[in-house]
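Here's my_file.pdb, which has PDB, C-alpha atoms, pLDDT in the B column:
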MODEL        1
ATOM      1  CA  MET A   5      37.056  97.746  53.909  1.00 40.00           C
ATOM      2  CA  PRO A   6      39.000 100.302  55.936  1.00 45.00           C
ATOM      3  CA  ARG A   7      37.583 103.788  55.765  1.00 39.00           C
ATOM      4  CA  ARG A   8      40.677 105.667  56.827  1.00 39.00           C
ATOM      5  CA  ALA A   9      44.170 104.873  57.993  1.00 40.00           C
ATOM      6  CA  VAL A  10      46.821 107.496  58.508  1.00 40.00           C
ATOM      7  CA  PRO A  11      49.831 105.573  59.780  1.00 41.00           C
ATOM      8  CA  VAL A  12      53.144 106.922  60.983  1.00 43.00           C
ATOM      9  CA  ASP A  13      56.100 104.813  59.939  1.00 42.00           C
ATOM     10  CA  PHE A  14      58.491 103.435  62.559  1.00 38.00           C
ATOM     11  CA  PRO A  15      60.354 104.697  64.429  1.00 39.00           C
ATOM     12  CA  TYR A  16      57.627 106.569  66.295  1.00 38.00           C
ATOM     13  CA  ARG A  17      58.621 107.853  69.701  1.00 42.00           C
ATOM     14  CA  ALA A  18      55.838 108.633  72.102  1.00 43.00           C
ATOM     15  CA  PRO A  19      56.315 111.076  74.969  1.00 40.00           C
ATOM     16  CA  PRO A  20      57.533 109.460  78.200  1.00 41.00           C
ATOM     17  CA  ALA A  21      54.857 107.317  79.809  1.00 42.00           C
ATOM     18  CA  VAL A  22      53.434 108.417  83.128  1.00 38.00           C
ATOM     19  CA  SER A  23      54.688 106.174  85.886  1.00 37.00           C
ATOM     20  CA  HIS A  24      52.095 104.327  87.953  1.00 36.00           C
ATOM     21  CA  GLU A  25      54.595 103.492  90.676  1.00 38.00           C
ATOM     22  CA  PRO A  26      53.913 104.969  94.135  1.00 35.00           C
ATOM     23  CA  SER A  27      55.535 108.349  94.746  1.00 33.00           C
ATOM     24  CA  GLY A  28      57.286 109.440  97.893  1.00 35.00           C
ATOM     25  CA  ASP A  29      53.913 110.451  99.293  1.00 38.00           C
ATOM     26  CA  ASN A  30      52.578 106.969  98.571  1.00 34.00           C
ATOM     27  CA  VAL A  31      50.154 108.411  95.991  1.00 35.00           C
ATOM     28  CA  THR A  32      49.779 107.098  92.451  1.00 41.00           C
ATOM     29  CA  THR A  33      49.136 109.310  89.450  1.00 49.00           C
ATOM     30  CA  ALA A  34      46.361 106.972  88.249  1.00 58.00           C
ATOM     31  CA  ARG A  35      43.006 106.770  90.005  1.00 67.00           C
ATOM     32  CA  ASP A  36      42.093 103.250  90.997  1.00 76.00           C
ATOM     33  CA  ASP A  37      38.442 103.555  89.994  1.00 89.00           C
ATOM     34  CA  ARG A  38      38.677 103.981  86.220  1.00 96.00           C
ATOM     35  CA  ALA A  39      40.537 102.420  83.322  1.00 98.00           C
ATOM     36  CA  VAL A  40      41.055 102.627  79.576  1.00 98.00           C
ATOM     37  CA  ILE A  41      41.504  99.304  77.789  1.00 98.00           C
ATOM     38  CA  PHE A  42      42.982  99.551  74.310  1.00 98.00           C
ATOM     39  CA  ASP A  43      42.771  97.076  71.500  1.00 97.00           C
ATOM     40  CA  MET A  44      46.054  97.074  69.570  1.00 95.00           C
ATOM     41  CA  ASP A  45      45.583  96.051  65.930  1.00 92.00           C
ATOM     42  CA  GLY A  46      43.539  98.680  64.153  1.00 92.00           C
ATOM     43  CA  VAL A  47      43.570 101.064  67.119  1.00 97.00           C
ATOM     44  CA  LEU A  48      47.224 101.749  67.936  1.00 96.00           C
ATOM     45  CA  ILE A  49      48.919 100.140  64.941  1.00 93.00           C
ATOM     46  CA  ASN A  50      47.729  99.835  61.357  1.00 90.00           C
ATOM     47  CA  SER A  51      48.491  96.135  61.193  1.00 85.00           C
ATOM     48  CA  GLU A  52      45.194  94.776  59.883  1.00 85.00           C
ATOM     49  CA  PRO A  53      46.264  94.979  56.191  1.00 89.00           C
ATOM     50  CA  LEU A  54      49.356  92.958  57.117  1.00 89.00           C
ATOM     51  CA  HIS A  55      47.334  90.390  59.081  1.00 90.00           C
ATOM     52  CA  CYS A  56      44.973  90.094  56.122  1.00 94.00           C
ATOM     53  CA  ARG A  57      47.768  89.612  53.607  1.00 94.00           C
ATOM     54  CA  ALA A  58      49.601  87.046  55.740  1.00 95.00           C
ATOM     55  CA  THR A  59      46.396  85.072  56.266  1.00 97.00           C
ATOM     56  CA  GLN A  60      45.559  85.150  52.553  1.00 97.00           C
ATOM     57  CA  GLU A  61      49.025  83.898  51.596  1.00 97.00           C
ATOM     58  CA  VAL A  62      48.952  80.977  54.030  1.00 98.00           C
ATOM     59  CA  LEU A  63      45.397  79.938  53.159  1.00 97.00           C
ATOM     60  CA  ALA A  64      46.241  80.057  49.452  1.00 97.00           C
ATOM     61  CA  LYS A  65      48.830  77.330  49.997  1.00 96.00           C
ATOM     62  CA  TYR A  66      45.947  75.083  51.062  1.00 96.00           C
ATOM     63  CA  GLY A  67      43.733  76.104  48.169  1.00 96.00           C
ATOM     64  CA  VAL A  68      41.516  78.365  50.295  1.00 97.00           C
ATOM     65  CA  THR A  69      40.582  81.870  49.168  1.00 96.00           C
ATOM     66  CA  MET A  70      39.732  84.684  51.582  1.00 96.00           C
ATOM     67  CA  THR A  71      39.050  88.105  50.103  1.00 96.00           C
ATOM     68  CA  GLU A  72      40.036  91.351  51.781  1.00 94.00           C
ATOM     69  CA  ALA A  73      36.347  92.214  52.066  1.00 93.00           C
ATOM     70  CA  ASP A  74      35.678  88.908  53.841  1.00 94.00           C
ATOM     71  CA  TYR A  75      38.512  89.555  56.273  1.00 93.00           C
ATOM     72  CA  TYR A  76      37.217  92.955  57.352  1.00 87.00           C
ATOM     73  CA  ARG A  77      33.562  91.917  57.376  1.00 87.00           C
ATOM     74  CA  ARG A  78      33.823  88.508  59.065  1.00 90.00           C
ATOM     75  CA  TYR A  79      37.204  87.626  60.532  1.00 90.00           C
ATOM     76  CA  ILE A  80      38.864  90.792  61.807  1.00 84.00           C
ATOM     77  CA  ALA A  81      38.128  90.004  65.472  1.00 79.00           C
ATOM     78  CA  TYR A  82      39.272  86.367  65.310  1.00 86.00           C
ATOM     79  CA  SER A  83      42.655  84.930  66.239  1.00 85.00           C
ATOM     80  CA  ASP A  84      44.870  83.091  63.751  1.00 90.00           C
ATOM     81  CA  TRP A  85      43.795  79.751  65.193  1.00 90.00           C
ATOM     82  CA  GLU A  86      40.096  80.617  65.027  1.00 91.00           C
ATOM     83  CA  ILE A  87      40.390  81.707  61.396  1.00 95.00           C
ATOM     84  CA  MET A  88      42.105  78.442  60.512  1.00 97.00           C
ATOM     85  CA  GLU A  89      39.406  76.504  62.368  1.00 96.00           C
ATOM     86  CA  ILE A  90      36.727  78.261  60.335  1.00 96.00           C
ATOM     87  CA  LEU A  91      38.334  78.288  56.890  1.00 97.00           C
ATOM     88  CA  LEU A  92      40.759  75.365  56.747  1.00 96.00           C
ATOM     89  CA  PRO A  93      39.008  72.007  56.261  1.00 94.00           C
ATOM     90  CA  ASP A  94      42.262  70.088  56.847  1.00 94.00           C
ATOM     91  CA  ARG A  95      42.179  69.826  60.650  1.00 95.00           C
ATOM     92  CA  PRO A  96      45.691  68.358  61.100  1.00 96.00           C
ATOM     93  CA  ALA A  97      47.114  71.239  59.084  1.00 96.00           C
ATOM     94  CA  ARG A  98      45.617  73.976  61.253  1.00 97.00           C
ATOM     95  CA  PRO A  99      48.378  74.309  63.891  1.00 96.00           C
ATOM     96  CA  ALA A 100      51.107  74.590  61.244  1.00 97.00           C
ATOM     97  CA  ALA A 101      49.008  77.033  59.232  1.00 97.00           C
ATOM     98  CA  ALA A 102      48.414  79.290  62.256  1.00 94.00           C
ATOM     99  CA  GLU A 103      52.126  79.237  63.067  1.00 94.00           C
ATOM    100  CA  ALA A 104      53.010  80.009  59.449  1.00 96.00           C
ATOM    101  CA  LYS A 105      50.634  82.958  59.433  1.00 94.00           C
ATOM    102  CA  SER A 106      52.244  84.369  62.589  1.00 90.00           C
ATOM    103  CA  ARG A 107      55.724  84.034  61.090  1.00 91.00           C
ATOM    104  CA  ARG A 108      54.649  85.692  57.853  1.00 92.00           C
ATOM    105  CA  TYR A 109      53.026  88.564  59.733  1.00 88.00           C
ATOM    106  CA  LEU A 110      56.243  89.222  61.658  1.00 86.00           C
ATOM    107  CA  GLU A 111      58.152  89.206  58.363  1.00 86.00           C
ATOM    108  CA  LEU A 112      55.778  91.792  56.918  1.00 84.00           C
ATOM    109  CA  VAL A 113      56.017  94.019  59.964  1.00 78.00           C
ATOM    110  CA  GLY A 114      59.800  93.775  59.865  1.00 71.00           C
ATOM    111  CA  SER A 115      61.399  96.934  61.175  1.00 60.00           C
ATOM    112  CA  SER A 116      58.405  99.111  60.332  1.00 75.00           C
ATOM    113  CA  VAL A 117      55.447  99.286  62.682  1.00 79.00           C
ATOM    114  CA  PRO A 118      52.790 101.549  61.119  1.00 87.00           C
ATOM    115  CA  ALA A 119      51.110 103.493  63.911  1.00 93.00           C
ATOM    116  CA  PHE A 120      47.854 105.438  64.101  1.00 95.00           C
ATOM    117  CA  GLN A 121      48.679 108.930  65.329  1.00 95.00           C
ATOM    118  CA  ASP A 122      45.269 109.495  66.883  1.00 97.00           C
ATOM    119  CA  GLY A 123      45.401 106.226  68.831  1.00 97.00           C
ATOM    120  CA  LEU A 124      48.863 107.027  70.162  1.00 97.00           C
ATOM    121  CA  GLN A 125      47.779 110.557  71.031  1.00 97.00           C
ATOM    122  CA  LEU A 126      44.867 109.231  73.075  1.00 97.00           C
ATOM    123  CA  LEU A 127      47.238 106.847  74.831  1.00 97.00           C
ATOM    124  CA  THR A 128      49.516 109.736  75.777  1.00 95.00           C
ATOM    125  CA  ARG A 129      46.486 111.461  77.355  1.00 94.00           C
ATOM    126  CA  SER A 130      45.898 108.535  79.720  1.00 92.00           C
ATOM    127  CA  ASP A 131      47.403 110.278  82.766  1.00 89.00           C
ATOM    128  CA  GLY A 132      45.072 109.678  85.681  1.00 91.00           C
ATOM    129  CA  TRP A 133      43.749 106.408  84.270  1.00 96.00           C
ATOM    130  CA  ARG A 134      44.688 102.786  84.732  1.00 97.00           C
ATOM    131  CA  VAL A 135      45.666 101.451  81.295  1.00 98.00           C
ATOM    132  CA  ALA A 136      45.519  97.928  79.870  1.00 98.00           C
ATOM    133  CA  LEU A 137      45.771  96.240  76.494  1.00 98.00           C
ATOM    134  CA  ALA A 138      43.393  93.492  75.359  1.00 98.00           C
ATOM    135  CA  THR A 139      44.499  92.137  71.999  1.00 96.00           C
ATOM    136  CA  GLY A 140      43.755  89.144  69.814  1.00 90.00           C
ATOM    137  CA  SER A 141      47.431  89.039  68.837  1.00 88.00           C
ATOM    138  CA  MET A 142      49.918  86.620  70.342  1.00 87.00           C
ATOM    139  CA  ARG A 143      52.069  87.942  73.175  1.00 92.00           C
ATOM    140  CA  HIS A 144      55.310  88.027  71.202  1.00 89.00           C
ATOM    141  CA  GLU A 145      53.576  90.020  68.452  1.00 88.00           C
ATOM    142  CA  ALA A 146      52.162  92.528  70.930  1.00 92.00           C
ATOM    143  CA  GLU A 147      55.413  92.945  72.843  1.00 92.00           C
ATOM    144  CA  LEU A 148      57.348  93.463  69.603  1.00 87.00           C
ATOM    145  CA  ALA A 149      55.032  96.212  68.381  1.00 89.00           C
ATOM    146  CA  LEU A 150      54.694  98.025  71.699  1.00 92.00           C
ATOM    147  CA  ARG A 151      58.412  98.053  72.387  1.00 90.00           C
ATOM    148  CA  ALA A 152      59.255  99.113  68.829  1.00 85.00           C
ATOM    149  CA  LEU A 153      56.968 102.116  69.254  1.00 89.00           C
ATOM    150  CA  GLY A 154      58.324 102.935  72.713  1.00 92.00           C
ATOM    151  CA  ILE A 155      54.893 102.677  74.367  1.00 95.00           C
ATOM    152  CA  ARG A 156      55.187  99.443  76.360  1.00 96.00           C
ATOM    153  CA  ASN A 157      55.469 101.260  79.693  1.00 95.00           C
ATOM    154  CA  TYR A 158      52.035 102.810  79.330  1.00 97.00           C
ATOM    155  CA  PHE A 159      50.366  99.463  79.994  1.00 98.00           C
ATOM    156  CA  GLU A 160      50.002  98.128  83.509  1.00 97.00           C
ATOM    157  CA  HIS A 161      48.411  94.918  82.285  1.00 98.00           C
ATOM    158  CA  ILE A 162      48.359  93.118  78.927  1.00 98.00           C
ATOM    159  CA  VAL A 163      45.945  90.376  77.887  1.00 98.00           C
ATOM    160  CA  THR A 164      46.733  88.460  74.685  1.00 96.00           C
ATOM    161  CA  ARG A 165      45.027  85.608  72.868  1.00 91.00           C
ATOM    162  CA  GLU A 166      47.200  83.125  74.751  1.00 92.00           C
ATOM    163  CA  ASP A 167      45.780  84.299  78.069  1.00 95.00           C
ATOM    164  CA  CYS A 168      42.168  83.506  77.192  1.00 95.00           C
ATOM    165  CA  VAL A 169      40.053  80.416  76.692  1.00 94.00           C
ATOM    166  CA  LYS A 170      37.814  82.444  74.379  1.00 93.00           C
ATOM    167  CA  GLY A 171      38.816  85.452  72.296  1.00 90.00           C
ATOM    168  CA  LYS A 172      36.762  88.359  71.078  1.00 91.00           C
ATOM    169  CA  GLN A 173      33.773  88.324  70.386  1.00 90.00           C
ATOM    170  CA  ASP A 174      33.594  86.825  73.878  1.00 96.00           C
ATOM    171  CA  PRO A 175      33.965  89.310  76.773  1.00 97.00           C
ATOM    172  CA  GLU A 176      36.739  87.242  78.417  1.00 98.00           C
ATOM    173  CA  PRO A 177      39.719  89.355  77.177  1.00 97.00           C
ATOM    174  CA  PHE A 178      38.231  92.572  78.516  1.00 98.00           C
ATOM    175  CA  LEU A 179      37.103  91.016  81.797  1.00 98.00           C
ATOM    176  CA  ARG A 180      40.612  89.646  82.315  1.00 98.00           C
ATOM    177  CA  ALA A 181      42.064  93.080  81.598  1.00 98.00           C
ATOM    178  CA  ALA A 182      39.777  94.743  84.144  1.00 98.00           C
ATOM    179  CA  ASP A 183      40.513  92.041  86.690  1.00 97.00           C
ATOM    180  CA  GLY A 184      44.250  92.491  86.140  1.00 97.00           C
ATOM    181  CA  LEU A 185      43.904  96.192  86.902  1.00 97.00           C
ATOM    182  CA  GLY A 186      41.524  95.653  89.804  1.00 96.00           C
ATOM    183  CA  VAL A 187      38.956  98.012  88.250  1.00 97.00           C
ATOM    184  CA  PRO A 188      35.225  97.212  87.966  1.00 97.00           C
ATOM    185  CA  ALA A 189      34.031  96.535  84.429  1.00 97.00           C
ATOM    186  CA  THR A 190      31.508  99.373  84.699  1.00 96.00           C
ATOM    187  CA  ARG A 191      34.411 101.815  85.201  1.00 97.00           C
ATOM    188  CA  CYS A 192      36.281 100.772  82.047  1.00 98.00           C
ATOM    189  CA  VAL A 193      36.322 102.503  78.653  1.00 98.00           C
ATOM    190  CA  VAL A 194      37.326 100.226  75.770  1.00 98.00           C
ATOM    191  CA  ILE A 195      38.836 101.542  72.532  1.00 98.00           C
ATOM    192  CA  GLU A 196      38.041  99.195  69.621  1.00 98.00           C
ATOM    193  CA  ASP A 197      37.940  99.159  65.825  1.00 95.00           C
ATOM    194  CA  SER A 198      35.916  96.045  64.982  1.00 93.00           C
ATOM    195  CA  PRO A 199      32.286  94.974  65.447  1.00 94.00           C
ATOM    196  CA  GLY A 200      33.373  91.778  67.225  1.00 93.00           C
ATOM    197  CA  GLY A 201      35.568  93.686  69.640  1.00 95.00           C
ATOM    198  CA  ILE A 202      32.768  96.141  70.360  1.00 97.00           C
ATOM    199  CA  ARG A 203      30.338  93.305  71.071  1.00 96.00           C
ATOM    200  CA  ALA A 204      32.876  91.761  73.440  1.00 97.00           C
ATOM    201  CA  ALA A 205      33.320  95.037  75.313  1.00 98.00           C
ATOM    202  CA  LYS A 206      29.587  95.608  75.646  1.00 98.00           C
ATOM    203  CA  ALA A 207      29.056  92.012  76.797  1.00 98.00           C
ATOM    204  CA  ALA A 208      31.648  92.721  79.502  1.00 98.00           C
ATOM    205  CA  GLY A 209      29.509  95.622  80.703  1.00 98.00           C
ATOM    206  CA  MET A 210      31.983  98.295  79.603  1.00 98.00           C
ATOM    207  CA  VAL A 211      31.678 101.601  77.792  1.00 98.00           C
ATOM    208  CA  CYS A 212      33.074 101.278  74.266  1.00 98.00           C
ATOM    209  CA  VAL A 213      34.426 103.698  71.667  1.00 98.00           C
ATOM    210  CA  GLY A 214      34.569 102.445  68.080  1.00 98.00           C
ATOM    211  CA  VAL A 215      37.029 104.091  65.683  1.00 97.00           C
ATOM    212  CA  THR A 216      36.707 103.843  61.902  1.00 96.00           C
ATOM    213  CA  HIS A 217      40.296 102.789  61.254  1.00 94.00           C
ATOM    214  CA  SER A 218      39.286  99.371  59.909  1.00 89.00           C
ATOM    215  CA  CYS A 219      35.520  99.404  59.377  1.00 90.00           C
ATOM    216  CA  LEU A 220      32.795 101.747  58.218  1.00 91.00           C
ATOM    217  CA  ARG A 221      30.933 103.753  60.832  1.00 94.00           C
ATOM    218  CA  GLU A 222      27.709 101.829  60.206  1.00 94.00           C
ATOM    219  CA  GLN A 223      29.501  98.646  61.289  1.00 93.00           C
ATOM    220  CA  LEU A 224      30.351 100.191  64.658  1.00 96.00           C
ATOM    221  CA  LEU A 225      26.906 101.299  65.776  1.00 95.00           C
ATOM    222  CA  GLU A 226      26.883  98.956  68.790  1.00 97.00           C
ATOM    223  CA  ALA A 227      29.560 101.161  70.362  1.00 97.00           C
ATOM    224  CA  ASP A 228      28.557 103.898  72.795  1.00 97.00           C
ATOM    225  CA  LEU A 229      30.476 106.321  70.605  1.00 97.00           C
ATOM    226  CA  ALA A 230      31.761 105.933  67.032  1.00 97.00           C
ATOM    227  CA  VAL A 231      34.445 108.336  65.826  1.00 97.00           C
ATOM    228  CA  ASP A 232      36.737 108.896  62.868  1.00 97.00           C
ATOM    229  CA  ASP A 233      39.540 110.318  65.012  1.00 97.00           C
ATOM    230  CA  LEU A 234      40.457 109.319  68.568  1.00 97.00           C
ATOM    231  CA  ARG A 235      41.881 112.764  69.246  1.00 94.00           C
ATOM    232  CA  ASP A 236      38.266 113.880  69.625  1.00 87.00           C
ATOM    233  CA  VAL A 237      37.568 111.402  72.447  1.00 96.00           C
ATOM    234  CA  ASP A 238      37.306 112.386  76.111  1.00 95.00           C
ATOM    235  CA  PRO A 239      37.040 109.115  78.102  1.00 94.00           C
ATOM    236  CA  GLU A 240      36.086 111.078  81.229  1.00 92.00           C
ATOM    237  CA  ALA A 241      32.867 112.243  79.587  1.00 94.00           C
ATOM    238  CA  LEU A 242      31.826 108.668  78.785  1.00 95.00           C
ATOM    239  CA  LEU A 243      31.865 107.236  82.304  1.00 91.00           C
ATOM    240  CA  PRO A 244      28.985 107.792  84.714  1.00 81.00           C
ATOM    241  CA  GLN A 245      30.147 110.059  87.495  1.00 69.00           C
ATOM    242  CA  VAL A 246      30.693 108.331  90.831  1.00 53.00           C
ATOM    243  CA  ARG A 247      29.359 110.070  93.891  1.00 44.00           C
ATOM    244  CA  GLY A 248      32.177 111.746  95.728  1.00 43.00           C
ATOM    245  CA  HIS A 249      34.320 112.181  92.582  1.00 45.00           C
ATOM    246  CA  HIS A 250      34.428 114.918  90.007  1.00 42.00           C
ATOM    247  CA  ALA A 251      35.903 115.188  86.551  1.00 40.00           C
ATOM    248  CA  GLY A 252      39.610 115.936  86.360  1.00 39.00           C
TER     249      GLY A 252
ENDMDL
END
As structure tokens - that is how I would like this structure written.
Amino acid sequence: MPRRAVPVDFPYRAPPAVSHEPSGDNVTTARDDRAVIFDMDGVLINSEPLHCRATQEVLAKYGVTMTEADYYRRYIAYSDWEIMEILLPDRPARPAAAEAKSRRYLELVGSSVPAFQDGLQLLTRSDGWRVALATGSMRHEAELALRALGIRNYFEHIVTREDCVKGKQDPEPFLRAADGLGVPATRCVVIEDSPGGIRAAKAAGMVCVGVTHSCLREQLLEADLAVDDLRDVDPEALLPQVRGHHAG
């Protein structure tokens, strides 16, 4: 069950994103040797209760029950399709069920995207870092949420469930994100809220911060750092220093 969630109702307007385009001096504001990779659901937006509800409603139509506790304990890191594969015995019905869940989720989000202030605040402190998103959501869901919150321009690269053969708990989403940025995995800090996402980040060889937006702290102990508030996080302090560079 979620320990804490302090959402801000849409419309949230983040400060202007820092441009990563070359300046007149052919220098970028972001260093090429380090990156922050954000999860979206449960880190930037408080969408997990909506995902849970939409999944419950669709499964109920097929006579399948999934409790809220089950969702947060077992299925929070899985995609819609993977959940249907696990819980829906009727194989031919799975594609339609996954599509129905996605539609219902978008209905629930509507014109209100609940955002986590601390996650957005950390994002706005990403000046000097390459920034990517690695989410288990579908691309249209991610684009909708990011644009509604006015934060799409922060992300140089976005990896969604459609871009991967395997989703979290596999490291593929994070490795694709690092590859898209051209940053070594060992120079990436991942921000996650679920045990499966943390395992995926660690399997990718990345530093990982777990935030208790969706799970209890004791469920996030595989992370390098577990916090209740992302405003307390300094990604710079988590990466090993590279010879020839200094903090700042």
Fill in: Selected residue, from A:Asp233, A:Asp228, A:Asp43, A:Glu240, that lies nearest to A:Asp122 when counting only C-alpha atoms
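So, comparing all the options, the nearest one is A:Asp233.
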Worksheet item: With all atoms listed in the file as the atoms that count, which of A:Cys56, A:Ala81, A:Ala73, A:Met88 lies nearest to A:Arg203?
Response: A:Ala81
Fill in: From A:Gly67, A:Gly46, A:Pro96, A:Gly186, residue lying nearest A:Gln121 [only C-alpha atoms]
A:Gly46
Item to complete: Find, counting only C-alpha atoms, the residue in A:Cys168, A:Ala136, A:Cys219, A:Ala64 that gets nearest to A:Val194.
Response: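 Distance minimum relative to A:Val194 lands on A:Ala136.
Running the PyMOL selection byres ((chain A and resi 176) around 10) on this file leaves A:Ala138, A:Val163, A:Asp167, A:Cys168, A:Val169, A:Lys170, A:Gly171, A:Lys172, A:Gln173, A:Asp174, A:Pro175, A:Pro177, A:Phe178, A:Leu179, A:Arg180, A:Ala181, A:Ala182, A:Ala204, A:Ala205, A:Ala207, A:Ala208 selected.
You will find atom CA of A:Thr216 at 13.2 Å from atom CA of A:Ile80.
With all atoms listed in the file as the atoms that count, the residue of A:Leu48, A:Leu124, A:Val135, A:Leu225 with the shortest distance to A:Gly184 is A:Val135.
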Worksheet item: Could you work out how far atom CA of A:Asp84 lies from atom CA of A:Ala97, giving the answer in Å with one decimal?
Response: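 Answer for the atom CA of A:Ala97 to atom CA of A:Asp84 separation: 12.9 Å.
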Practice prompt. Just give me the gap between atom CA of A:Thr164 and atom CA of A:Arg134 in Å, one decimal is fine.
Written response: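 One can read the atom CA of A:Thr164 to atom CA of A:Arg134 distance as 17.6 Å.
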Discussion item. Once the PyMOL selection byres ((chain A and resi 187) around 7) has been evaluated on this model, what residues remain selected, and can you format them as a list in words?
Written reply: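 Applying the expression gives Asp36, Asp37, Arg38, Ala39, Ala182, Asp183, Leu185, Gly186, Pro188, Ala189 and Arg191 of chain A.
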Discussion item. Between A:Glu111, A:Asp94, A:Asp197, A:Glu72, which residue has the minimum interatomic distance to A:Leu220, considering all atoms listed in the file?
Written reply: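 Under the stated criterion, the closest residue is A:Asp197.
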Item to complete: Using all atoms listed in the file, collect all residues at a distance of at most 12 Å from (53.1, 101.9, 73.9) as written in the file, then present them as a VMD selection string.
Response: chain A and resid 16 to 22 42 to 44 47 to 49 117 119 to 121 123 to 128 130 135 to 137 146 to 162
Worksheet item: Written as a list of chain:residue names, what is the full residue list that the PyMOL selection byres ((chain A and resi 69) around 12) yields on the file shown?
Response: A:Cys56, A:Arg57, A:Thr59, A:Gln60, A:Glu61, A:Val62, A:Leu63, A:Ala64, A:Lys65, A:Tyr66, A:Gly67, A:Val68, A:Met70, A:Thr71, A:Glu72, A:Ala73, A:Asp74, A:Tyr75, A:Met88, A:Leu91, A:Leu92
Some atoms are missing, so please complete stretch 96-114 of chain A with N, CA and C atoms and return it as a compact mmCIF listing (two decimals), in the coordinates of the input.
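Generated file (result-v6.txt):
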# COMPACT_ATOMS: atom_id res chain seq x y z
N PRO A 96 44.30 68.54 60.66
CA PRO A 96 45.69 68.36 61.10
C PRO A 96 46.63 69.48 60.65
N ALA A 97 46.25 70.18 59.60
CA ALA A 97 47.11 71.24 59.08
C ALA A 97 46.94 72.57 59.82
N ARG A 98 45.93 72.69 60.64
CA ARG A 98 45.62 73.98 61.25
C ARG A 98 46.72 74.53 62.16
N PRO A 99 47.31 73.74 63.04
CA PRO A 99 48.38 74.31 63.89
C PRO A 99 49.54 74.87 63.08
N ALA A 100 49.99 74.13 62.07
CA ALA A 100 51.11 74.59 61.24
C ALA A 100 50.71 75.84 60.45
N ALA A 101 49.47 75.88 60.00
CA ALA A 101 49.01 77.03 59.23
C ALA A 101 48.96 78.29 60.10
N ALA A 102 48.46 78.15 61.34
CA ALA A 102 48.41 79.29 62.26
C ALA A 102 49.82 79.78 62.59
N GLU A 103 50.74 78.86 62.78
CA GLU A 103 52.13 79.24 63.07
C GLU A 103 52.77 79.92 61.86
N ALA A 104 52.47 79.42 60.67
CA ALA A 104 53.01 80.01 59.45
C ALA A 104 52.48 81.43 59.24
N LYS A 105 51.21 81.62 59.57
CA LYS A 105 50.63 82.96 59.43
C LYS A 105 51.33 83.93 60.38
N SER A 106 51.58 83.51 61.62
CA SER A 106 52.24 84.37 62.59
C SER A 106 53.65 84.74 62.12
N ARG A 107 54.37 83.77 61.59
CA ARG A 107 55.72 84.03 61.09
C ARG A 107 55.69 85.02 59.93
N ARG A 108 54.74 84.83 59.02
CA ARG A 108 54.65 85.69 57.85
C ARG A 108 54.28 87.11 58.27
N TYR A 109 53.40 87.24 59.24
CA TYR A 109 53.03 88.56 59.73
C TYR A 109 54.24 89.29 60.30
N LEU A 110 55.05 88.60 61.09
CA LEU A 110 56.24 89.22 61.66
C LEU A 110 57.23 89.63 60.57
N GLU A 111 57.30 88.84 59.50
CA GLU A 111 58.15 89.21 58.36
C GLU A 111 57.66 90.50 57.71
N LEU A 112 56.34 90.62 57.56
CA LEU A 112 55.78 91.79 56.92
C LEU A 112 55.96 93.05 57.77
N VAL A 113 55.81 92.88 59.08
CA VAL A 113 56.02 94.02 59.96
C VAL A 113 57.47 94.47 59.90
N GLY A 114 58.38 93.49 59.95
CA GLY A 114 59.80 93.78 59.86
C GLY A 114 60.22 94.86 60.84
